[in-house]
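Reproduced below: structure-v9.cif, with mmCIF, C-alpha atoms.
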```
data_coords
#
loop_
_atom_site.label_atom_id
_atom_site.label_comp_id
_atom_site.auth_asym_id
_atom_site.auth_seq_id
_atom_site.Cartn_x
_atom_site.Cartn_y
_atom_site.Cartn_z
CA MET G 1 60.61 -9.51 -35.37
CA LYS G 2 63.44 -8.49 -37.64
CA VAL G 3 65.02 -11.42 -39.46
CA THR G 4 68.12 -11.38 -41.64
CA VAL G 5 68.66 -14.40 -43.82
CA THR G 6 71.04 -15.31 -46.59
CA ILE G 7 68.72 -16.69 -49.22
CA ASN G 8 70.38 -18.35 -52.21
CA GLY G 9 73.52 -16.38 -51.46
CA ALA G 10 71.94 -12.93 -51.08
CA GLU G 11 71.27 -11.31 -47.71
CA GLN G 12 67.72 -10.13 -47.08
CA THR G 13 66.09 -8.55 -44.04
CA ALA G 14 62.39 -8.57 -43.22
CA ASP G 15 60.13 -7.87 -40.27
CA ILE G 16 57.87 -10.88 -39.66
CA GLU G 17 55.55 -12.26 -37.02
CA PRO G 18 57.17 -15.10 -35.02
CA ARG G 19 54.38 -17.49 -36.02
CA MET G 20 55.03 -17.08 -39.74
CA LEU G 21 56.09 -20.43 -41.14
CA LEU G 22 59.36 -20.58 -43.06
CA VAL G 23 57.57 -21.77 -46.20
CA ASP G 24 55.36 -18.68 -46.19
CA PHE G 25 58.29 -16.43 -45.37
CA ILE G 26 60.02 -17.80 -48.47
CA ARG G 27 56.99 -17.74 -50.76
CA THR G 28 55.15 -14.62 -49.62
CA THR G 29 57.70 -12.33 -48.03
CA LEU G 30 60.67 -13.21 -50.23
CA GLY G 31 58.56 -13.98 -53.32
CA LEU G 32 60.26 -17.28 -54.16
CA THR G 33 57.45 -19.61 -55.17
CA GLY G 34 59.57 -22.54 -56.29
CA THR G 35 59.17 -23.96 -52.77
CA HIS G 36 55.78 -25.65 -52.70
CA ILE G 37 53.17 -26.31 -50.03
CA GLY G 38 51.66 -29.79 -50.02
CA CYS G 39 50.24 -31.48 -46.96
CA ASP G 40 51.17 -28.73 -44.47
CA THR G 41 51.59 -31.50 -41.87
CA THR G 42 55.27 -32.54 -42.13
CA SER G 43 54.43 -35.59 -44.20
CA CYS G 44 54.87 -34.98 -47.92
CA GLY G 45 58.18 -33.12 -48.00
CA VAL G 46 57.41 -30.86 -51.00
CA CYS G 47 58.28 -27.77 -48.91
CA THR G 48 61.83 -29.03 -48.27
CA VAL G 49 64.58 -26.39 -48.38
CA LEU G 50 68.18 -26.46 -47.20
CA VAL G 51 69.01 -24.55 -44.01
CA ASP G 52 72.78 -24.23 -43.65
CA GLY G 53 72.96 -27.02 -46.21
CA THR G 54 70.66 -29.46 -44.40
CA PRO G 55 67.22 -30.46 -45.73
CA VAL G 56 64.30 -29.40 -43.51
CA LYS G 57 60.55 -29.26 -44.05
CA SER G 58 59.82 -25.54 -44.19
CA CYS G 59 56.17 -25.99 -43.15
CA THR G 60 57.49 -27.14 -39.76
CA VAL G 61 60.01 -24.41 -39.03
CA PHE G 62 59.25 -20.79 -38.14
CA GLY G 63 60.74 -18.04 -40.28
CA VAL G 64 62.37 -16.47 -37.21
CA GLN G 65 64.40 -19.64 -36.72
CA VAL G 66 66.50 -18.94 -39.83
CA ASP G 67 67.64 -15.53 -38.58
CA ASP G 68 71.37 -15.29 -39.39
CA ARG G 69 71.23 -18.59 -41.23
CA SER G 70 71.61 -19.51 -44.86
CA VAL G 71 68.69 -20.93 -46.84
CA THR G 72 68.84 -22.57 -50.27
CA THR G 73 65.70 -23.06 -52.33
CA VAL G 74 65.31 -24.54 -55.80
CA GLU G 75 65.91 -21.06 -57.24
CA GLY G 76 69.41 -21.23 -55.76
CA LEU G 77 70.49 -24.43 -57.53
CA LYS G 78 71.40 -22.72 -60.82
CA GLN G 79 74.81 -21.02 -60.59
CA ASN G 80 76.15 -18.43 -63.05
CA GLY G 81 73.52 -19.29 -65.63
CA GLN G 82 74.45 -22.98 -65.47
CA LEU G 83 71.92 -25.57 -64.36
CA HIS G 84 73.01 -27.66 -61.37
CA PRO G 85 73.86 -31.28 -62.34
CA ILE G 86 70.73 -32.39 -60.48
CA GLN G 87 68.60 -30.14 -62.69
CA GLU G 88 70.29 -31.41 -65.86
CA ALA G 89 69.78 -34.97 -64.70
CA PHE G 90 66.09 -34.55 -63.84
CA LYS G 91 65.57 -33.12 -67.32
CA GLU G 92 67.51 -35.86 -69.10
CA ALA G 93 66.30 -38.84 -67.06
CA HIS G 94 62.72 -37.55 -67.08
CA GLY G 95 62.69 -37.41 -63.28
CA LEU G 96 59.36 -35.60 -63.10
CA GLN G 97 55.85 -35.59 -64.43
CA CYS G 98 53.64 -32.93 -62.85
CA GLY G 99 56.64 -31.28 -61.19
CA TYR G 100 55.06 -30.54 -57.85
CA CYS G 101 57.52 -32.56 -55.74
CA THR G 102 60.47 -31.77 -58.02
CA PRO G 103 62.04 -28.75 -56.25
CA ALA G 104 62.20 -30.73 -53.01
CA MET G 105 63.41 -33.92 -54.72
CA MET G 106 66.22 -31.98 -56.38
CA LEU G 107 67.30 -30.29 -53.14
CA VAL G 108 67.31 -33.59 -51.26
CA GLY G 109 69.13 -35.21 -54.20
CA SER G 110 71.76 -32.45 -54.29
CA HIS G 111 72.33 -32.87 -50.55
CA LEU G 112 72.69 -36.65 -50.96
CA ILE G 113 75.24 -36.56 -53.80
CA GLU G 114 77.26 -33.94 -51.99
CA HIS G 115 77.69 -36.35 -49.04
CA ASN G 116 77.60 -39.60 -50.99
CA PRO G 117 79.12 -39.16 -54.48
CA GLN G 118 78.11 -42.66 -55.65
CA PRO G 119 74.77 -43.45 -54.03
CA SER G 120 73.31 -46.92 -54.56
CA ASP G 121 69.68 -47.40 -55.50
CA GLU G 122 69.01 -48.17 -51.85
CA ASP G 123 70.85 -45.03 -50.67
CA VAL G 124 68.73 -42.84 -52.96
CA ARG G 125 65.47 -44.47 -51.98
CA TRP G 126 66.40 -44.08 -48.31
CA ALA G 127 67.31 -40.40 -48.78
CA ILE G 128 64.04 -39.51 -50.53
CA SER G 129 61.85 -41.58 -48.22
CA GLY G 130 60.60 -38.37 -46.57
CA ASN G 131 59.39 -36.99 -49.91
CA LEU G 132 56.22 -38.09 -51.68
CA CYS G 133 55.74 -38.24 -55.44
CA ARG G 134 52.32 -39.25 -56.72
CA CYS G 135 53.20 -39.43 -60.42
CA THR G 136 56.42 -41.19 -61.24
CA GLY G 137 56.52 -44.27 -59.08
CA TYR G 138 59.98 -42.94 -58.11
CA MET G 139 61.87 -44.99 -60.72
CA ASN G 140 62.99 -42.03 -62.80
CA ILE G 141 63.67 -39.89 -59.74
CA VAL G 142 66.11 -42.52 -58.48
CA ASP G 143 67.70 -42.72 -61.94
CA ALA G 144 67.93 -38.92 -62.15
CA ILE G 145 69.68 -38.59 -58.80
CA GLN G 146 72.17 -41.30 -59.73
CA LEU G 147 72.76 -39.62 -63.10
CA ALA G 148 73.33 -36.33 -61.27
CA ALA G 149 75.92 -38.03 -59.09
CA GLU G 150 77.76 -39.22 -62.24
CA LYS G 151 77.57 -35.74 -63.76
CA ALA G 152 78.82 -34.09 -60.59
CA GLY G 153 81.63 -36.64 -60.35
CA ALA G 154 82.66 -36.05 -63.97
CA ALA G 155 82.58 -32.27 -63.43
CA THR G 156 84.86 -32.60 -60.40
CA GLU G 157 87.36 -34.75 -62.31
CA ALA G 158 87.39 -32.43 -65.33
CA MET F 159 47.30 -23.87 -40.70
CA TYR F 160 48.66 -21.28 -38.34
CA PRO F 161 49.36 -21.37 -34.61
CA ARG F 162 48.03 -18.70 -32.29
CA ALA F 163 50.39 -15.76 -31.92
CA PHE F 164 53.15 -16.18 -29.34
CA ASP F 165 56.12 -14.35 -27.89
CA TYR F 166 59.36 -15.68 -29.28
CA LEU F 167 62.41 -15.81 -27.02
CA ARG F 168 65.86 -16.98 -28.03
CA PRO F 169 68.14 -17.28 -25.01
CA ALA F 170 71.86 -17.33 -25.74
CA THR F 171 72.86 -19.45 -22.74
CA LYS F 172 71.43 -22.28 -20.67
CA GLU F 173 71.44 -20.01 -17.60
CA GLU F 174 69.31 -17.48 -19.46
CA ALA F 175 66.90 -20.24 -20.52
CA LEU F 176 66.56 -21.54 -16.95
CA GLU F 177 66.00 -17.96 -15.76
CA ILE F 178 63.11 -17.56 -18.21
CA LEU F 179 61.61 -20.87 -17.04
CA ALA F 180 61.99 -19.86 -13.38
CA GLU F 181 60.15 -16.59 -14.02
CA ARG F 182 57.40 -17.70 -16.40
CA GLY F 183 57.72 -21.46 -16.95
CA ASP F 184 53.95 -21.96 -16.85
CA GLU F 185 53.47 -20.16 -20.13
CA VAL F 186 56.58 -21.37 -21.96
CA LYS F 187 57.07 -24.24 -24.36
CA ILE F 188 60.63 -25.10 -25.32
CA LEU F 189 61.44 -25.29 -29.04
CA ALA F 190 64.27 -27.66 -29.91
CA GLY F 191 63.61 -29.63 -33.13
CA GLY F 192 59.95 -28.60 -33.15
CA GLN F 193 58.96 -31.57 -35.30
CA SER F 194 56.14 -32.56 -32.95
CA LEU F 195 55.55 -29.22 -31.23
CA ILE F 196 55.06 -27.10 -34.36
CA PRO F 197 52.51 -29.50 -35.92
CA MET F 198 50.63 -29.49 -32.59
CA MET F 199 50.71 -25.68 -32.51
CA LYS F 200 49.46 -25.53 -36.09
CA LEU F 201 46.55 -27.80 -35.16
CA ARG F 202 46.09 -25.60 -32.05
CA PHE F 203 46.30 -28.59 -29.77
CA ALA F 204 49.07 -26.55 -28.16
CA SER F 205 48.95 -22.76 -27.93
CA PRO F 206 51.80 -21.66 -25.69
CA PRO F 207 51.88 -17.91 -24.98
CA THR F 208 55.67 -18.03 -25.20
CA LEU F 209 57.99 -20.12 -27.31
CA MET F 210 61.56 -20.39 -26.10
CA ASP F 211 63.94 -21.41 -28.90
CA ILE F 212 66.99 -23.14 -27.39
CA ASN F 213 68.68 -23.86 -30.72
CA ARG F 214 71.28 -21.09 -30.34
CA ILE F 215 72.52 -22.26 -26.94
CA PRO F 216 76.09 -23.56 -27.28
CA GLY F 217 77.33 -26.73 -25.60
CA LEU F 218 74.07 -28.67 -25.78
CA ASP F 219 74.78 -30.91 -28.76
CA ALA F 220 77.17 -33.59 -27.48
CA ILE F 221 76.91 -37.36 -27.64
CA GLU F 222 79.66 -38.60 -25.33
CA GLU F 223 80.63 -41.28 -22.85
CA VAL F 224 81.07 -40.04 -19.28
CA ASN F 225 81.15 -41.91 -15.96
CA GLY F 226 79.80 -45.20 -17.24
CA HIS F 227 77.00 -43.84 -19.37
CA VAL F 228 76.44 -42.30 -22.75
CA ARG F 229 74.87 -38.91 -22.64
CA VAL F 230 72.77 -37.37 -25.37
CA GLN F 231 72.27 -33.65 -24.89
CA ALA F 232 69.19 -31.59 -25.67
CA LEU F 233 70.13 -30.46 -29.18
CA VAL F 234 71.34 -33.82 -30.52
CA ARG F 235 69.24 -34.57 -33.62
CA HIS F 236 67.93 -38.04 -34.45
CA ASN F 237 70.25 -38.15 -37.46
CA ASP F 238 73.26 -37.38 -35.23
CA ILE F 239 72.43 -40.62 -33.43
CA VAL F 240 72.01 -42.50 -36.73
CA GLY F 241 75.54 -41.46 -37.65
CA SER F 242 77.18 -41.90 -34.23
CA ASP F 243 79.94 -44.52 -33.95
CA LEU F 244 79.80 -44.20 -30.17
CA ILE F 245 76.11 -45.13 -30.08
CA SER F 246 76.55 -48.04 -32.48
CA GLN F 247 79.36 -49.41 -30.28
CA ARG F 248 77.81 -48.67 -26.90
CA ASN F 249 74.07 -49.08 -27.20
CA GLY F 250 72.55 -51.51 -29.68
CA ALA F 251 68.90 -50.65 -29.02
CA MET F 252 69.45 -46.94 -29.61
CA ALA F 253 71.50 -47.52 -32.75
CA SER F 254 68.85 -49.89 -34.05
CA ALA F 255 65.93 -47.51 -33.33
CA ALA F 256 67.43 -44.26 -34.65
CA PRO F 257 66.94 -44.93 -38.40
CA TRP F 258 63.29 -45.78 -37.71
CA ILE F 259 62.43 -42.40 -36.19
CA ALA F 260 60.12 -40.41 -38.49
CA ASP F 261 61.73 -39.79 -41.91
CA PRO F 262 65.20 -38.62 -42.98
CA ILE F 263 64.27 -34.94 -43.22
CA ILE F 264 62.45 -34.79 -39.89
CA ARG F 265 65.45 -36.57 -38.34
CA ASN F 266 67.62 -33.61 -39.34
CA LEU F 267 65.77 -31.40 -36.86
CA GLY F 268 63.96 -33.55 -34.32
CA THR F 269 65.77 -34.35 -31.07
CA MET F 270 65.76 -37.36 -28.76
CA CYS F 271 65.39 -35.19 -25.64
CA GLY F 272 62.48 -33.32 -27.22
CA SER F 273 60.82 -36.56 -28.17
CA ILE F 274 61.09 -37.85 -24.60
CA ALA F 275 59.88 -34.51 -23.13
CA HIS F 276 56.91 -34.56 -25.52
CA HIS F 277 56.12 -38.21 -24.71
CA ASP F 278 53.85 -39.06 -27.57
CA PRO F 279 52.41 -42.42 -26.42
CA GLU F 280 53.37 -43.93 -29.76
CA GLY F 281 56.91 -42.55 -29.84
CA ASP F 282 59.77 -44.97 -30.40
CA TRP F 283 62.46 -43.48 -28.15
CA ALA F 284 60.53 -43.98 -24.90
CA SER F 285 60.43 -47.75 -25.48
CA VAL F 286 64.18 -47.77 -26.07
CA LEU F 287 64.85 -45.81 -22.87
CA LEU F 288 62.61 -48.10 -20.83
CA ALA F 289 64.27 -51.22 -22.21
CA VAL F 290 67.85 -50.04 -21.64
CA GLY F 291 67.15 -48.46 -18.24
CA GLY F 292 67.90 -44.89 -19.30
CA GLU F 293 67.66 -41.74 -17.23
CA VAL F 294 66.49 -38.23 -17.99
CA VAL F 295 68.34 -35.19 -16.66
CA VAL F 296 66.27 -32.07 -15.99
CA GLU F 297 67.63 -28.76 -14.77
CA SER F 298 66.13 -25.67 -13.21
CA ARG F 299 67.49 -22.40 -11.84
CA ASP F 300 66.49 -23.06 -8.25
CA GLY F 301 66.55 -26.86 -8.15
CA GLY F 302 69.77 -27.50 -10.04
CA GLU F 303 70.06 -30.89 -11.68
CA ARG F 304 67.68 -33.78 -11.16
CA VAL F 305 68.30 -37.26 -12.60
CA VAL F 306 65.09 -39.25 -13.10
CA PRO F 307 64.84 -42.88 -14.27
CA ALA F 308 62.91 -43.06 -17.55
CA SER F 309 60.31 -45.32 -15.95
CA GLN F 310 59.46 -42.52 -13.48
CA PHE F 311 59.93 -39.66 -15.91
CA LEU F 312 57.38 -41.02 -18.40
CA VAL F 313 54.23 -40.54 -16.34
CA ASP F 314 51.50 -41.07 -18.94
CA MET F 315 50.66 -40.08 -22.51
CA PHE F 316 51.95 -36.54 -23.14
CA ALA F 317 52.72 -36.30 -19.43
CA THR F 318 56.18 -36.39 -17.86
CA ASP F 319 57.83 -35.57 -14.58
CA CYS F 320 59.40 -32.43 -16.09
CA GLN F 321 58.12 -29.42 -14.14
CA PRO F 322 57.26 -26.05 -15.75
CA THR F 323 60.44 -24.49 -14.35
CA GLU F 324 62.61 -27.34 -15.67
CA MET F 325 64.23 -28.20 -18.96
CA VAL F 326 65.36 -31.62 -20.17
CA THR F 327 69.07 -31.12 -20.78
CA GLU F 328 70.26 -34.66 -21.39
CA ILE F 329 69.42 -38.33 -21.59
CA ARG F 330 71.72 -40.92 -20.07
CA VAL F 331 71.94 -44.54 -21.08
CA PRO F 332 74.13 -46.96 -19.18
CA THR F 333 76.99 -48.63 -21.03
CA TYR F 334 77.89 -52.30 -20.74
CA ASP F 335 80.78 -54.70 -21.29
CA GLN F 336 78.89 -57.60 -22.82
CA GLY F 337 75.53 -56.54 -24.05
CA GLY F 338 73.35 -55.85 -27.01
CA GLY F 339 70.02 -54.39 -27.95
CA ASP F 340 67.59 -54.05 -30.77
CA TYR F 341 64.49 -52.22 -31.97
CA GLN F 342 61.95 -53.91 -34.21
CA LYS F 343 59.37 -51.69 -35.85
CA LEU F 344 56.52 -52.39 -38.22
CA GLU F 345 55.26 -49.29 -40.01
CA ARG F 346 52.94 -48.87 -42.97
CA LYS F 347 55.20 -46.31 -44.57
CA VAL F 348 58.26 -44.27 -43.67
CA GLY F 349 57.32 -41.60 -41.16
CA ASP F 350 54.21 -43.34 -39.87
CA TYR F 351 53.68 -44.28 -36.25
CA ALA F 352 54.60 -47.85 -35.40
CA THR F 353 51.93 -50.46 -35.96
CA VAL F 354 54.00 -52.33 -33.38
CA GLY F 355 57.44 -51.53 -31.98
CA ALA F 356 59.58 -53.61 -29.62
CA ALA F 357 62.79 -52.57 -27.88
CA THR F 358 64.95 -55.26 -26.32
CA HIS F 359 68.15 -55.15 -24.31
CA LEU F 360 70.36 -57.90 -22.86
CA GLU F 361 73.55 -58.01 -20.83
CA LEU F 362 75.57 -61.15 -20.12
CA ASP F 363 77.74 -62.10 -17.16
CA GLY F 364 81.11 -63.86 -17.44
CA ALA F 365 79.43 -67.27 -17.58
CA GLY F 366 77.19 -66.26 -20.47
CA ALA F 367 74.01 -65.99 -18.39
CA ILE F 368 71.68 -63.01 -18.71
CA SER F 369 72.53 -60.49 -15.99
CA LYS F 370 70.27 -57.67 -17.11
CA ALA F 371 67.35 -57.48 -19.53
CA GLY F 372 64.76 -55.03 -20.74
CA VAL F 373 61.70 -55.31 -22.98
CA ALA F 374 59.43 -52.38 -23.90
CA LEU F 375 56.70 -51.99 -26.49
CA THR F 376 55.38 -49.19 -28.71
CA SER F 377 51.81 -48.58 -29.94
CA VAL F 378 50.22 -51.55 -28.20
CA TYR F 379 49.13 -49.91 -24.94
CA HIS F 380 47.96 -46.42 -24.01
CA HIS F 381 51.60 -45.47 -23.52
CA ASN F 382 54.99 -47.12 -24.04
CA LEU F 383 54.85 -50.34 -22.08
CA GLU F 384 57.77 -51.73 -20.12
CA VAL F 385 57.24 -55.48 -19.77
CA THR F 386 59.01 -56.14 -16.47
CA ALA F 387 57.66 -59.72 -16.27
CA ALA F 388 59.46 -60.55 -19.52
CA ALA F 389 62.71 -59.09 -18.17
CA GLU F 390 62.33 -61.05 -14.94
CA VAL F 391 61.97 -64.37 -16.74
CA LEU F 392 65.17 -63.67 -18.66
CA VAL F 393 67.50 -62.53 -15.90
CA GLY F 394 69.60 -65.23 -14.23
CA ASN F 395 69.10 -67.75 -17.04
CA GLN F 396 71.24 -68.96 -19.90
CA PRO F 397 69.85 -67.51 -23.15
CA SER F 398 67.97 -69.96 -25.36
CA ASP F 399 65.34 -69.95 -28.10
CA GLU F 400 62.82 -71.41 -25.63
CA LEU F 401 63.51 -68.68 -23.09
CA PHE F 402 63.11 -65.96 -25.72
CA ALA F 403 59.87 -67.57 -26.92
CA GLU F 404 58.61 -67.48 -23.34
CA ALA F 405 59.50 -63.77 -23.04
CA GLY F 406 57.66 -63.18 -26.32
CA ARG F 407 54.54 -64.86 -25.00
CA ILE F 408 54.68 -62.82 -21.79
CA ALA F 409 54.94 -59.59 -23.80
CA ARG F 410 52.07 -60.68 -26.04
CA ASP F 411 49.87 -61.26 -23.01
CA ALA F 412 50.92 -58.01 -21.29
CA CYS F 413 50.05 -55.64 -24.12
CA GLU F 414 46.61 -54.22 -24.83
CA PRO F 415 46.52 -53.16 -28.47
CA VAL F 416 43.38 -51.83 -30.14
CA ASP F 417 41.84 -52.52 -33.54
CA ASP F 418 42.60 -49.62 -35.84
CA VAL F 419 43.58 -48.69 -39.37
CA ARG F 420 47.03 -50.18 -38.79
CA GLY F 421 45.78 -53.65 -37.90
CA SER F 422 43.61 -55.73 -35.61
CA ALA F 423 44.43 -56.17 -31.95
CA ALA F 424 44.90 -59.92 -32.45
CA TYR F 425 47.38 -59.33 -35.27
CA LYS F 426 49.38 -56.79 -33.26
CA ARG F 427 49.62 -59.18 -30.33
CA GLU F 428 51.18 -61.82 -32.53
CA VAL F 429 53.58 -59.26 -33.98
CA VAL F 430 54.60 -58.36 -30.42
CA ARG F 431 55.39 -62.00 -29.67
CA VAL F 432 57.45 -62.42 -32.83
CA PHE F 433 59.22 -59.06 -32.47
CA VAL F 434 60.27 -59.69 -28.87
CA GLU F 435 61.61 -63.12 -29.80
CA ARG F 436 63.49 -61.77 -32.80
CA GLY F 437 64.72 -58.71 -30.94
CA LEU F 438 66.12 -60.82 -28.11
CA ALA F 439 67.89 -63.11 -30.59
CA ALA F 440 69.43 -60.06 -32.29
CA SER F 441 70.39 -58.57 -28.92
CA LEU F 442 72.06 -61.85 -27.92
CA ALA F 443 73.99 -62.12 -31.19
CA GLN F 444 75.31 -58.61 -30.56
CA ALA F 445 76.19 -59.37 -26.93
CA GLN F 446 78.06 -62.51 -27.93
CA SER F 447 80.00 -60.81 -30.69
CA ALA F 448 80.92 -58.05 -28.20
CA ALA F 449 82.21 -60.75 -25.85
CA GLN F 450 84.60 -62.22 -28.42
#
```

Go ahead and express the file in the form of structure tokens.
Amino acid sequence: MKVTVTINGAEQTADIEPRMLLVDFIRTTLGLTGTHIGCDTTSCGVCTVLVDGTPVKSCTVFGVQVDDRSVTTVEGLKQNGQLHPIQEAFKEAHGLQCGYCTPAMMLVGSHLIEHNPQPSDEDVRWAISGNLCRCTGYMNIVDAIQLAAEKAGAATEA
Amino acid sequence: MYPRAFDYLRPATKEEALEILAERGDEVKILAGGQSLIPMMKLRFASPPTLMDINRIPGLDAIEEVNGHVRVQALVRHNDIVGSDLISQRNGAMASAAPWIADPIIRNLGTMCGSIAHHDPEGDWASVLLAVGGEVVVESRDGGERVVPASQFLVDMFATDCQPTEMVTEIRVPTYDQGGGDYQKLERKVGDYATVGAATHLELDGAGAISKAGVALTSVYHHNLEVTAAAEVLVGNQPSDELFAEAGRIARDACEPVDDVRGSAAYKREVVRVFVERGLAASLAQAQSAAQ
């Protein structure tokens, strides 16, 4: 089936089987390997991408479902050569160790701070409760998302 | 993991969807949120020849109050319910359960109607519907609309009264003047099935006595269990701690949990007793604050 998707702002068309999972459509067909595959059972959240701005687990969506929709992956966070505040913050607050869950954590974090510019500790932990990290113990991820919120707030005021 | 190959259909209208079901309903599964269906297809527990994606059908995503009930249409996501002022004002048990469904990302896609149509025996929504006395609306091309009480719709694990030619188009929950409800859930981690879940619902009459009650349990029976004996002991009486404790004991004795990785049967029974008691107290507090 022919699918046209706006991926990170650019329109792309491909002919895929209906049973192709969105995560494989992104990684294999579109060649964007920043979106990871973890559990493949809707549990770990590392395959999270934004569809029309909303986080979804791309191992549990078919590629054909995003026809005429807009998808953002970690590769789409950087704009005009500038890192997104969430990327800056993960770097500065050391919000990652092995990095496997990081693309998803950053996308979920960017979605959170867009809707909640000053998230509490509890708000952040709630928002990332569908995403597993096996390295950090989450402390620095929570710090990084809150730092990103501050950075984004400062950028808006400036 | 990959599902078996299937035909993918994406009707643009409800009429078109019902037409497809009328012609070839036997071989069709309906894709709404897909958060239970797609995992089952990947495990090949389900291999439908045809998948009908209803996500592009307009006019199926309302949460609204009509004719004395709140209706939740087929494409309302769990997170729409979490964020709904109408639900938080009009149905305490639903508002209380919504944030406990799966995890925040799954809630962005998964739907209440889909969850009820799927009827996982350890799903949370079915307990809520049983406790509040909800109804399920199914539609077909030739049969029109059929409104089925949740207690009849939920036949057994993964089995419902929805026929192959029918589609669940909405869920209805009655509204109340003085009432409240609650959902208590124990889970090992976010996104896990309930170790124990308990939905409670109370309505009060003008004199403060209980006029309507519902108690239903999750994960402690081979399907969601409506404890009618607990509701019967409540109705007609003035609410009290002793009465709620009695309802808790009835629920504890009615359930049949099993020993598993989430806990022993004896432990789960005691959690049921405590949850029903606590849930009824929370429901009452809500009903009384609504009355003021």

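Closest approach to Val348 of chain F from the set G:Ala104, G:Ile128, G:Leu21, G:Ile26 is made by G:Ile128, with distances taken over all atoms listed in the file.
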
(request) With a cut-off of 6 Å and counting all atoms listed in the file, select all residues of chain F in contact with chain G and give the selection as a list in words. (result) Ala163, Ile196, Asp261, Pro262 and Ile263 of chain F

(request) Tell me, as a PyMOL selection string, which residues lie within 9 Å of Pro119 of chain G, counting all atoms listed in the file; anything in the same chain fewer than 5 positions away does not count. (result) chain G and resi 112-113+124+145-146+149

(message) From the options G:Asp15, G:Glu75, G:Asp67, G:Glu114, which residue's atoms come nearest to Gly153 of chain G, counting all atoms listed in the file?
(response) G:Glu114

(request) One decimal, Å: what's the distance from atom CA of Thr136 of chain G over to atom CA of Gly95 of chain G, could you say? (result) 7.6 Å

(message) With the PyMOL selection byres ((chain G and resi 76-93) around 10) as the selection, what would be picked from this file? Answer as an MDAnalysis selection string, please.
(response) chainID G and resid 7:10 34 71:75 94:96 102:103 105:110 113 139:153 155

Could those residues be written to a file, using C-alpha atoms, as a PDB file, in the coordinates of the input?
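Saved file again_35.pdb follows:
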```
ATOM      1  CA  ILE G   7      68.720 -16.690 -49.220  1.00  0.00           C
ATOM      2  CA  ASN G   8      70.380 -18.350 -52.210  1.00  0.00           C
ATOM      3  CA  GLY G   9      73.520 -16.380 -51.460  1.00  0.00           C
ATOM      4  CA  ALA G  10      71.940 -12.930 -51.080  1.00  0.00           C
ATOM      5  CA  GLY G  34      59.570 -22.540 -56.290  1.00  0.00           C
ATOM      6  CA  VAL G  71      68.690 -20.930 -46.840  1.00  0.00           C
ATOM      7  CA  THR G  72      68.840 -22.570 -50.270  1.00  0.00           C
ATOM      8  CA  THR G  73      65.700 -23.060 -52.330  1.00  0.00           C
ATOM      9  CA  VAL G  74      65.310 -24.540 -55.800  1.00  0.00           C
ATOM     10  CA  GLU G  75      65.910 -21.060 -57.240  1.00  0.00           C
ATOM     11  CA  HIS G  94      62.720 -37.550 -67.080  1.00  0.00           C
ATOM     12  CA  GLY G  95      62.690 -37.410 -63.280  1.00  0.00           C
ATOM     13  CA  LEU G  96      59.360 -35.600 -63.100  1.00  0.00           C
ATOM     14  CA  THR G 102      60.470 -31.770 -58.020  1.00  0.00           C
ATOM     15  CA  PRO G 103      62.040 -28.750 -56.250  1.00  0.00           C
ATOM     16  CA  MET G 105      63.410 -33.920 -54.720  1.00  0.00           C
ATOM     17  CA  MET G 106      66.220 -31.980 -56.380  1.00  0.00           C
ATOM     18  CA  LEU G 107      67.300 -30.290 -53.140  1.00  0.00           C
ATOM     19  CA  VAL G 108      67.310 -33.590 -51.260  1.00  0.00           C
ATOM     20  CA  GLY G 109      69.130 -35.210 -54.200  1.00  0.00           C
ATOM     21  CA  SER G 110      71.760 -32.450 -54.290  1.00  0.00           C
ATOM     22  CA  ILE G 113      75.240 -36.560 -53.800  1.00  0.00           C
ATOM     23  CA  MET G 139      61.870 -44.990 -60.720  1.00  0.00           C
ATOM     24  CA  ASN G 140      62.990 -42.030 -62.800  1.00  0.00           C
ATOM     25  CA  ILE G 141      63.670 -39.890 -59.740  1.00  0.00           C
ATOM     26  CA  VAL G 142      66.110 -42.520 -58.480  1.00  0.00           C
ATOM     27  CA  ASP G 143      67.700 -42.720 -61.940  1.00  0.00           C
ATOM     28  CA  ALA G 144      67.930 -38.920 -62.150  1.00  0.00           C
ATOM     29  CA  ILE G 145      69.680 -38.590 -58.800  1.00  0.00           C
ATOM     30  CA  GLN G 146      72.170 -41.300 -59.730  1.00  0.00           C
ATOM     31  CA  LEU G 147      72.760 -39.620 -63.100  1.00  0.00           C
ATOM     32  CA  ALA G 148      73.330 -36.330 -61.270  1.00  0.00           C
ATOM     33  CA  ALA G 149      75.920 -38.030 -59.090  1.00  0.00           C
ATOM     34  CA  GLU G 150      77.760 -39.220 -62.240  1.00  0.00           C
ATOM     35  CA  LYS G 151      77.570 -35.740 -63.760  1.00  0.00           C
ATOM     36  CA  ALA G 152      78.820 -34.090 -60.590  1.00  0.00           C
ATOM     37  CA  GLY G 153      81.630 -36.640 -60.350  1.00  0.00           C
ATOM     38  CA  ALA G 155      82.580 -32.270 -63.430  1.00  0.00           C
TER      39      ALA G 155
END
```

(message) Just want the 10 Å neighbourhood of Thr386 of chain F, counted on all atoms listed in the file, with same-chain residues fewer than 4 positions away dropped. Output as a ChimeraX atom specification.
(response) /F:288-289,371-374,390-392,408-409,412

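For the pair atom CA of Met210 of chain F and atom CA of Asp165 of chain F, the separation is 8.3 Å.
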
(request) Run through the PyMOL selection byres ((chain F and resi 270-278) around 10) on the given coordinates and return the selected residues as a PyMOL selection string. (result) chain F and resi 188-195+230-239+256+259+265+268-269+279-285+287+294-296+308+311-320+325-329+381-382
